[in-house]
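With PDB, C-alpha atoms inside, this is data09.pdb:
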ATOM      1  CA  MET L 249     113.196  51.000 175.384
ATOM      2  CA  THR L 250     115.236  49.883 178.364
ATOM      3  CA  LYS L 251     118.986  50.012 178.697
ATOM      4  CA  ALA L 252     118.922  46.207 178.778
ATOM      5  CA  SER L 253     117.201  45.922 175.410
ATOM      6  CA  GLN L 254     119.110  48.580 173.507
ATOM      7  CA  GLY L 255     121.005  47.084 170.601
ATOM      8  CA  ARG L 256     121.204  43.542 172.000
ATOM      9  CA  GLY L 257     119.035  40.477 171.764
ATOM     10  CA  GLU L 258     120.282  38.610 174.818
ATOM     11  CA  LEU L 259     120.492  39.549 178.464
ATOM     12  CA  THR L 260     123.743  39.491 180.388
ATOM     13  CA  PRO L 261     123.953  37.139 183.403
ATOM     14  CA  MET L 262     123.555  40.159 185.703
ATOM     15  CA  GLU L 263     120.439  41.340 183.894
ATOM     16  CA  GLY L 264     118.988  37.853 184.064
ATOM     17  CA  ARG L 265     119.693  37.660 187.782
ATOM     18  CA  ILE L 266     117.962  40.974 188.449
ATOM     19  CA  LEU L 267     114.964  40.042 186.298
ATOM     20  CA  ARG L 268     114.546  36.659 187.993
ATOM     21  CA  ALA L 269     114.455  38.392 191.366
ATOM     22  CA  ALA L 270     111.929  40.919 190.048
ATOM     23  CA  VAL L 271     109.708  38.202 188.593
ATOM     24  CA  LYS L 272     109.641  36.313 191.892
ATOM     25  CA  LEU L 273     108.779  39.442 193.872
ATOM     26  CA  PHE L 274     106.199  40.719 191.388
ATOM     27  CA  ALA L 275     104.548  37.284 191.460
ATOM     28  CA  GLU L 276     104.486  37.160 195.252
ATOM     29  CA  LYS L 277     103.714  40.772 196.145
ATOM     30  CA  GLY L 278     102.532  42.463 192.975
ATOM     31  CA  PHE L 279     104.272  45.171 190.993
ATOM     32  CA  ASP L 280     103.073  48.144 193.040
ATOM     33  CA  ALA L 281     103.948  46.608 196.410
ATOM     34  CA  THR L 282     107.494  45.660 195.374
ATOM     35  CA  THR L 283     110.238  48.220 195.957
ATOM     36  CA  VAL L 284     113.485  48.603 194.061
ATOM     37  CA  GLN L 285     115.318  47.960 197.316
ATOM     38  CA  GLU L 286     113.599  44.583 197.640
ATOM     39  CA  VAL L 287     114.631  43.643 194.098
ATOM     40  CA  VAL L 288     118.215  44.681 194.845
ATOM     41  CA  ALA L 289     118.256  42.633 198.046
ATOM     42  CA  ALA L 290     116.724  39.559 196.400
ATOM     43  CA  ALA L 291     119.143  39.725 193.468
ATOM     44  CA  GLU L 292     122.066  40.370 195.848
ATOM     45  CA  VAL L 293     123.307  43.307 193.800
ATOM     46  CA  THR L 294     123.838  46.982 194.502
ATOM     47  CA  LYS L 295     121.402  49.684 193.460
ATOM     48  CA  GLY L 296     124.147  50.986 191.196
ATOM     49  CA  ALA L 297     124.247  47.644 189.374
ATOM     50  CA  LEU L 298     120.476  47.637 188.902
ATOM     51  CA  TYR L 299     120.395  51.202 187.600
ATOM     52  CA  HIS L 300     123.303  50.434 185.276
ATOM     53  CA  TYR L 301     120.943  48.158 183.339
ATOM     54  CA  PHE L 302     117.469  49.482 184.157
ATOM     55  CA  ASP L 303     116.256  53.057 184.524
ATOM     56  CA  SER L 304     113.354  52.182 186.810
ATOM     57  CA  LYS L 305     111.066  49.499 188.158
ATOM     58  CA  ASP L 306     108.903  50.040 185.059
ATOM     59  CA  ASP L 307     111.898  49.019 182.955
ATOM     60  CA  LEU L 308     112.024  45.706 184.814
ATOM     61  CA  LEU L 309     108.380  44.995 184.021
ATOM     62  CA  TYR L 310     108.825  45.870 180.351
ATOM     63  CA  GLU L 311     112.016  43.835 180.018
ATOM     64  CA  ILE L 312     110.276  40.754 181.462
ATOM     65  CA  TYR L 313     108.133  40.791 178.329
ATOM     66  CA  HIS L 314     110.673  42.192 175.894
ATOM     67  CA  SER L 315     113.230  39.461 176.568
ATOM     68  CA  LEU L 316     110.625  36.804 175.714
ATOM     69  CA  ILE L 317     109.175  38.459 172.603
ATOM     70  CA  GLY L 318     112.728  39.092 171.397
ATOM     71  CA  ILE L 319     113.487  35.372 171.503
ATOM     72  CA  GLN L 320     110.146  34.464 169.920
ATOM     73  CA  THR L 321     110.506  37.003 167.105
ATOM     74  CA  ALA L 322     114.019  35.805 166.266
ATOM     75  CA  ASP L 323     112.749  32.206 166.262
ATOM     76  CA  LEU L 324     109.790  33.220 164.059
ATOM     77  CA  ASP L 325     112.119  34.802 161.516
ATOM     78  CA  GLY L 326     114.349  31.728 161.615
ATOM     79  CA  ILE L 327     111.444  29.356 161.016
ATOM     80  CA  ILE L 328     110.171  31.389 158.055
ATOM     81  CA  ALA L 329     113.676  31.549 156.597
ATOM     82  CA  GLN L 330     113.735  27.736 156.419
ATOM     83  CA  ASP L 331     111.134  28.000 153.640
ATOM     84  CA  LEU L 332     109.131  25.014 154.832
ATOM     85  CA  GLY L 333     105.679  24.297 153.489
ATOM     86  CA  ALA L 334     102.824  26.382 154.883
ATOM     87  CA  LYS L 335     101.551  23.661 157.231
ATOM     88  CA  GLU L 336     105.025  22.862 158.518
ATOM     89  CA  THR L 337     105.751  26.563 159.053
ATOM     90  CA  VAL L 338     102.572  27.190 161.049
ATOM     91  CA  ARG L 339     103.176  24.031 163.078
ATOM     92  CA  ALA L 340     106.762  25.019 163.856
ATOM     93  CA  ILE L 341     105.715  28.554 164.832
ATOM     94  CA  LEU L 342     103.038  27.353 167.245
ATOM     95  CA  ILE L 343     105.213  24.674 168.845
ATOM     96  CA  ASN L 344     107.957  27.255 169.310
ATOM     97  CA  LEU L 345     105.498  29.713 170.866
ATOM     98  CA  VAL L 346     104.252  27.164 173.386
ATOM     99  CA  VAL L 347     107.727  25.870 174.248
ATOM    100  CA  THR L 348     109.237  29.328 174.759
ATOM    101  CA  THR L 349     106.216  30.588 176.711
ATOM    102  CA  ALA L 350     106.177  27.498 178.923
ATOM    103  CA  ALA L 351     109.895  27.939 179.607
ATOM    104  CA  ARG L 352     109.095  31.405 180.993
ATOM    105  CA  ILE L 353     105.646  30.753 182.383
ATOM    106  CA  ASP L 354     106.226  32.814 185.543
ATOM    107  CA  GLU L 355     107.431  35.810 183.525
ATOM    108  CA  THR L 356     104.433  35.508 181.218
ATOM    109  CA  ALA L 357     101.990  35.297 184.129
ATOM    110  CA  VAL L 358     103.494  38.356 185.827
ATOM    111  CA  PHE L 359     103.479  40.418 182.652
ATOM    112  CA  VAL L 360      99.904  39.503 181.683
ATOM    113  CA  ARG L 361      98.729  40.468 185.169
ATOM    114  CA  GLU L 362     100.755  43.668 185.490
ATOM    115  CA  MET L 363     101.131  44.979 181.930
ATOM    116  CA  HIS L 364      98.471  47.652 182.442
ATOM    117  CA  LYS L 365     100.939  49.336 184.831
ATOM    118  CA  LEU L 366     103.297  50.227 181.963
ATOM    119  CA  ASP L 367     103.639  53.898 181.134
ATOM    120  CA  SER L 368     102.585  55.145 177.696
ATOM    121  CA  GLU L 369     106.058  54.893 176.137
ATOM    122  CA  ARG L 370     106.640  51.310 177.224
ATOM    123  CA  MET L 371     103.068  50.329 176.381
ATOM    124  CA  ALA L 372     103.606  51.684 172.863
ATOM    125  CA  ALA L 373     106.836  49.674 172.561
ATOM    126  CA  PHE L 374     105.046  46.540 173.798
ATOM    127  CA  ARG L 375     102.251  47.003 171.276
ATOM    128  CA  ALA L 376     104.741  47.569 168.450
ATOM    129  CA  ASP L 377     106.581  44.334 169.330
ATOM    130  CA  ARG L 378     103.310  42.421 169.464
ATOM    131  CA  ARG L 379     102.021  43.899 166.188
ATOM    132  CA  ARG L 380     105.206  42.981 164.362
ATOM    133  CA  TYR L 381     104.964  39.360 165.521
ATOM    134  CA  GLN L 382     101.267  39.102 164.681
ATOM    135  CA  LYS L 383     101.716  40.662 161.236
ATOM    136  CA  THR L 384     104.600  38.351 160.341
ATOM    137  CA  PHE L 385     102.598  35.292 161.438
ATOM    138  CA  ARG L 386      99.485  36.592 159.661
ATOM    139  CA  ASP L 387     101.429  37.069 156.415
ATOM    140  CA  VAL L 388     102.478  33.397 156.474
ATOM    141  CA  ILE L 389      98.834  32.316 156.613
ATOM    142  CA  ALA L 390      97.570  34.931 154.145
ATOM    143  CA  LYS L 391     100.223  33.965 151.602
ATOM    144  CA  ALA L 392      99.229  30.294 151.887
ATOM    145  CA  GLN L 393      95.552  31.220 151.508
ATOM    146  CA  ALA L 394      96.324  33.235 148.377
ATOM    147  CA  ALA L 395      98.208  30.241 146.970
ATOM    148  CA  GLY L 396      95.308  27.884 147.741
ATOM    149  CA  GLU L 397      97.247  25.908 150.358
ATOM    150  CA  PHE L 398      94.868  27.013 153.114
ATOM    151  CA  SER L 399      91.140  27.679 153.029
ATOM    152  CA  SER L 400      90.127  31.335 153.168
ATOM    153  CA  ALA L 401      86.989  30.569 155.174
ATOM    154  CA  VAL L 402      88.763  31.785 158.309
ATOM    155  CA  PRO L 403      90.518  35.138 157.763
ATOM    156  CA  ALA L 404      94.255  35.088 158.481
ATOM    157  CA  ASP L 405      93.831  37.770 161.167
ATOM    158  CA  THR L 406      91.256  35.655 162.997
ATOM    159  CA  ALA L 407      93.354  32.486 162.795
ATOM    160  CA  VAL L 408      96.353  34.291 164.306
ATOM    161  CA  LEU L 409      94.291  35.927 167.064
ATOM    162  CA  ILE L 410      92.781  32.561 168.035
ATOM    163  CA  ALA L 411      96.178  30.843 168.038
ATOM    164  CA  LEU L 412      97.886  33.568 170.062
ATOM    165  CA  GLY L 413      94.910  33.803 172.396
ATOM    166  CA  VAL L 414      95.286  30.152 173.353
ATOM    167  CA  VAL L 415      99.026  30.555 173.937
ATOM    168  CA  ASN L 416      98.519  33.738 175.966
ATOM    169  CA  GLN L 417      96.267  31.789 178.328
ATOM    170  CA  LEU L 418      99.000  29.252 179.139
ATOM    171  CA  PRO L 419      99.746  30.827 182.548
ATOM    172  CA  THR L 420      96.188  30.068 183.669
ATOM    173  CA  TRP L 421      96.255  26.346 182.944
ATOM    174  CA  TYR L 422      99.726  25.055 182.062
ATOM    175  CA  ARG L 423     101.633  23.136 184.742
ATOM    176  CA  PRO L 424     105.279  22.082 184.230
ATOM    177  CA  ASP L 425     104.534  18.814 186.036
ATOM    178  CA  GLY L 426     101.400  18.162 183.990
ATOM    179  CA  PRO L 427     100.811  15.105 181.800
ATOM    180  CA  LYS L 428     101.818  16.755 178.519
ATOM    181  CA  SER L 429     105.090  18.349 177.465
ATOM    182  CA  PRO L 430     105.143  21.830 175.906
ATOM    183  CA  GLU L 431     106.079  20.229 172.584
ATOM    184  CA  GLN L 432     103.029  17.958 172.727
ATOM    185  CA  LEU L 433     100.720  20.821 173.687
ATOM    186  CA  GLY L 434     102.161  22.942 170.887
ATOM    187  CA  ALA L 435     101.554  20.163 168.376
ATOM    188  CA  GLU L 436      97.942  19.762 169.546
ATOM    189  CA  ILE L 437      97.291  23.504 169.308
ATOM    190  CA  ALA L 438      98.842  23.473 165.834
ATOM    191  CA  ASP L 439      96.571  20.584 164.819
ATOM    192  CA  PHE L 440      93.555  22.601 165.981
ATOM    193  CA  VAL L 441      94.574  25.732 164.071
ATOM    194  CA  LEU L 442      95.518  23.809 160.923
ATOM    195  CA  ALA L 443      92.194  21.956 160.976
ATOM    196  CA  GLY L 444      90.446  25.323 160.770
ATOM    197  CA  LEU L 445      92.610  26.333 157.814
ATOM    198  CA  ALA L 446      92.335  23.074 155.892
ATOM    199  CA  ASN L 447      90.821  23.055 152.429
TER     200      ASN L 447
END
So, in terms of structure tokens, how does the structure I just supplied come out?
Amino acid sequence: MTKASQGRGELTPMEGRILRAAVKLFAEKGFDATTVQEVVAAAEVTKGALYHYFDSKDDLLYEIYHSLIGIQTADLDGIIAQDLGAKETVRAILINLVVTTAARIDETAVFVREMHKLDSERMAAFRADRRRYQKTFRDVIAKAQAAGEFSSAVPADTAVLIALGVVNQLPTWYRPDGPKSPEQLGAEIADFVLAGLAN
């Protein structure tokens, strides 16, 4: 866990500034070719400021993902707490996923491309974050299947993997200036998933 993510859900303005600089450089040059000094220069901060929040360049890469999954997990919990119907809950989750991913499309693209560079500790933390999100989403679908609200023809695990797989591919095809808004894309993806779960 990074200093930036310890005990807090939101980044400070300074952390955000450093991460934005890192994202831009990682996108342009790649993770390995980017130095800490280049991040410091791009963010217009001192090395001391960077190391106050992040232990290393690896921390920057992990935090790029962690800041997004933190927002998405909090939103997921909030949506479930509203106690909507099963269809409305799944729809809200998927629209939220697309909207929040699209809002950080550069961060998502960098992380997907560079995540294999994480060390074992940060990779384990990443996988734990991802598993928690997937399990919570899966439980929503499984509960609705048990109650007869959704068909059980498609296992809950498979439905979640398909849905998240589509969202994870957003960096390869989504364009902010494209013909459809993130909300519209999210609704269409939700329609697709819900059609596969319909009785």
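Excluding region 403-411 of chain L itself and any same-chain residue fewer than 5 positions from it, the protein and nucleic acid residues within 7 Å of it, counting all atoms listed in the file, are Gln382, Phe385, Arg386, Ile389, Ala390 and Val441 of chain L.
Among the candidates L:Val288, L:Val293, L:Ala401, L:Leu308, the one nearest to Met363 (chain L) when counting all atoms listed in the file is L:Leu308.
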Task: d(CA of Ala269 (chain L), CA of Pro430 (chain L)) in Å - done: 24.5 Å
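Here CA of Val388 (chain L) is placed at a distance of 21.4 Å from CA of Leu433 (chain L).
The result of the PyMOL selection byres ((chain L and resi 380) around 12) on the shown file is Ile317, Gly318, Gln320, Thr321, Ala322, Leu324, Asp325, Ala373, Phe374, Arg375, Ala376, Asp377, Arg378, Arg379, Tyr381, Gln382, Lys383, Thr384, Phe385, Arg386 and Asp387 of chain L.
Applied to the shown file, the PyMOL selection byres ((chain L and resi 283) around 12) selects the residues Ala269, Ala270, Leu273, Phe274, Lys277, Gly278, Phe279, Asp280, Ala281, Thr282, Val284, Gln285, Glu286, Val287, Val288, Ala289, Ala290, Lys295, Ser304, Lys305, Asp306 and Leu308 of chain L.
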Since we have the selection now, will you write its residues out, keeping C-alpha atoms, as a short mmCIF file (atom, residue, chain, number, x, y, z; two decimals), in the frame of the given file?
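Ended up saving to out-v5.cif:
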data_model
loop_
_atom_site.label_atom_id
_atom_site.label_comp_id
_atom_site.auth_asym_id
_atom_site.auth_seq_id
_atom_site.Cartn_x
_atom_site.Cartn_y
_atom_site.Cartn_z
CA ALA L 269 114.46 38.39 191.37
CA ALA L 270 111.93 40.92 190.05
CA LEU L 273 108.78 39.44 193.87
CA PHE L 274 106.20 40.72 191.39
CA LYS L 277 103.71 40.77 196.14
CA GLY L 278 102.53 42.46 192.98
CA PHE L 279 104.27 45.17 190.99
CA ASP L 280 103.07 48.14 193.04
CA ALA L 281 103.95 46.61 196.41
CA THR L 282 107.49 45.66 195.37
CA VAL L 284 113.48 48.60 194.06
CA GLN L 285 115.32 47.96 197.32
CA GLU L 286 113.60 44.58 197.64
CA VAL L 287 114.63 43.64 194.10
CA VAL L 288 118.22 44.68 194.84
CA ALA L 289 118.26 42.63 198.05
CA ALA L 290 116.72 39.56 196.40
CA LYS L 295 121.40 49.68 193.46
CA SER L 304 113.35 52.18 186.81
CA LYS L 305 111.07 49.50 188.16
CA ASP L 306 108.90 50.04 185.06
CA LEU L 308 112.02 45.71 184.81
#
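The gap separating CA of Arg423 (chain L) from CA of Leu442 (chain L) is 24.6 Å, in Å to one decimal.
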- [ ] Would you kindly translate the PyMOL selection byres ((chain L and resi 438-440) around 9) into the concrete residues it picks from this file, as an NGL selection string?
- [x] :L and (338-343 or 411 or 433-437 or 441-444)
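When only C-alpha atoms are used to measure the gap to Arg268 (chain L), the shortest distance among L:Asp331, L:Glu336, L:Val347, L:Val358 belongs to L:Val358.
Take the candidates L:Ile353, L:Ala446, L:Val271, L:Ala394 and check each one against Thr420 (chain L) using all atoms listed in the file; the shortest distance goes to L:Ile353.
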Quick one: what's the axis-aligned box for region 341-355 of chain L, all listed atoms, 8 Å on every side, centre and edges in Å to one decimal, as AutoDock Vina command-line options?
--center_x 106.5 --center_y 30.2 --center_z 175.2 --size_x 22.9 --size_y 27.1 --size_z 36.7
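Near Pro419 (chain L), within a cut-off of 8 Å and counting all atoms listed in the file, sit the residues Ile353, Asp354, Thr356 and Ala357 of chain L, with same-chain residues fewer than 5 positions away left out.
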TODO: Compare L:Pro424, L:Gly296, L:Gly396, L:Gly413 by their minimum atom-to-atom distance to Ala350 (chain L), counting only C-alpha atoms, and give me the closest one.
DONE: L:Pro424
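Using all atoms listed in the file, the protein and nucleic acid residues lying at most 7 Å from the point (104.3, 32.8, 173.5) are Leu345, Val346, Thr348, Thr349, Val415 and Asn416 of chain L.
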Would you export the selected residues with C-alpha atoms as a PDB file, in the frame of the given file, please?
ATOM      1  CA  LEU L 345     105.498  29.713 170.866  1.00  0.00           C
ATOM      2  CA  VAL L 346     104.252  27.164 173.386  1.00  0.00           C
ATOM      3  CA  THR L 348     109.237  29.328 174.759  1.00  0.00           C
ATOM      4  CA  THR L 349     106.216  30.588 176.711  1.00  0.00           C
ATOM      5  CA  VAL L 415      99.026  30.555 173.937  1.00  0.00           C
ATOM      6  CA  ASN L 416      98.519  33.738 175.966  1.00  0.00           C
TER       7      ASN L 416
END
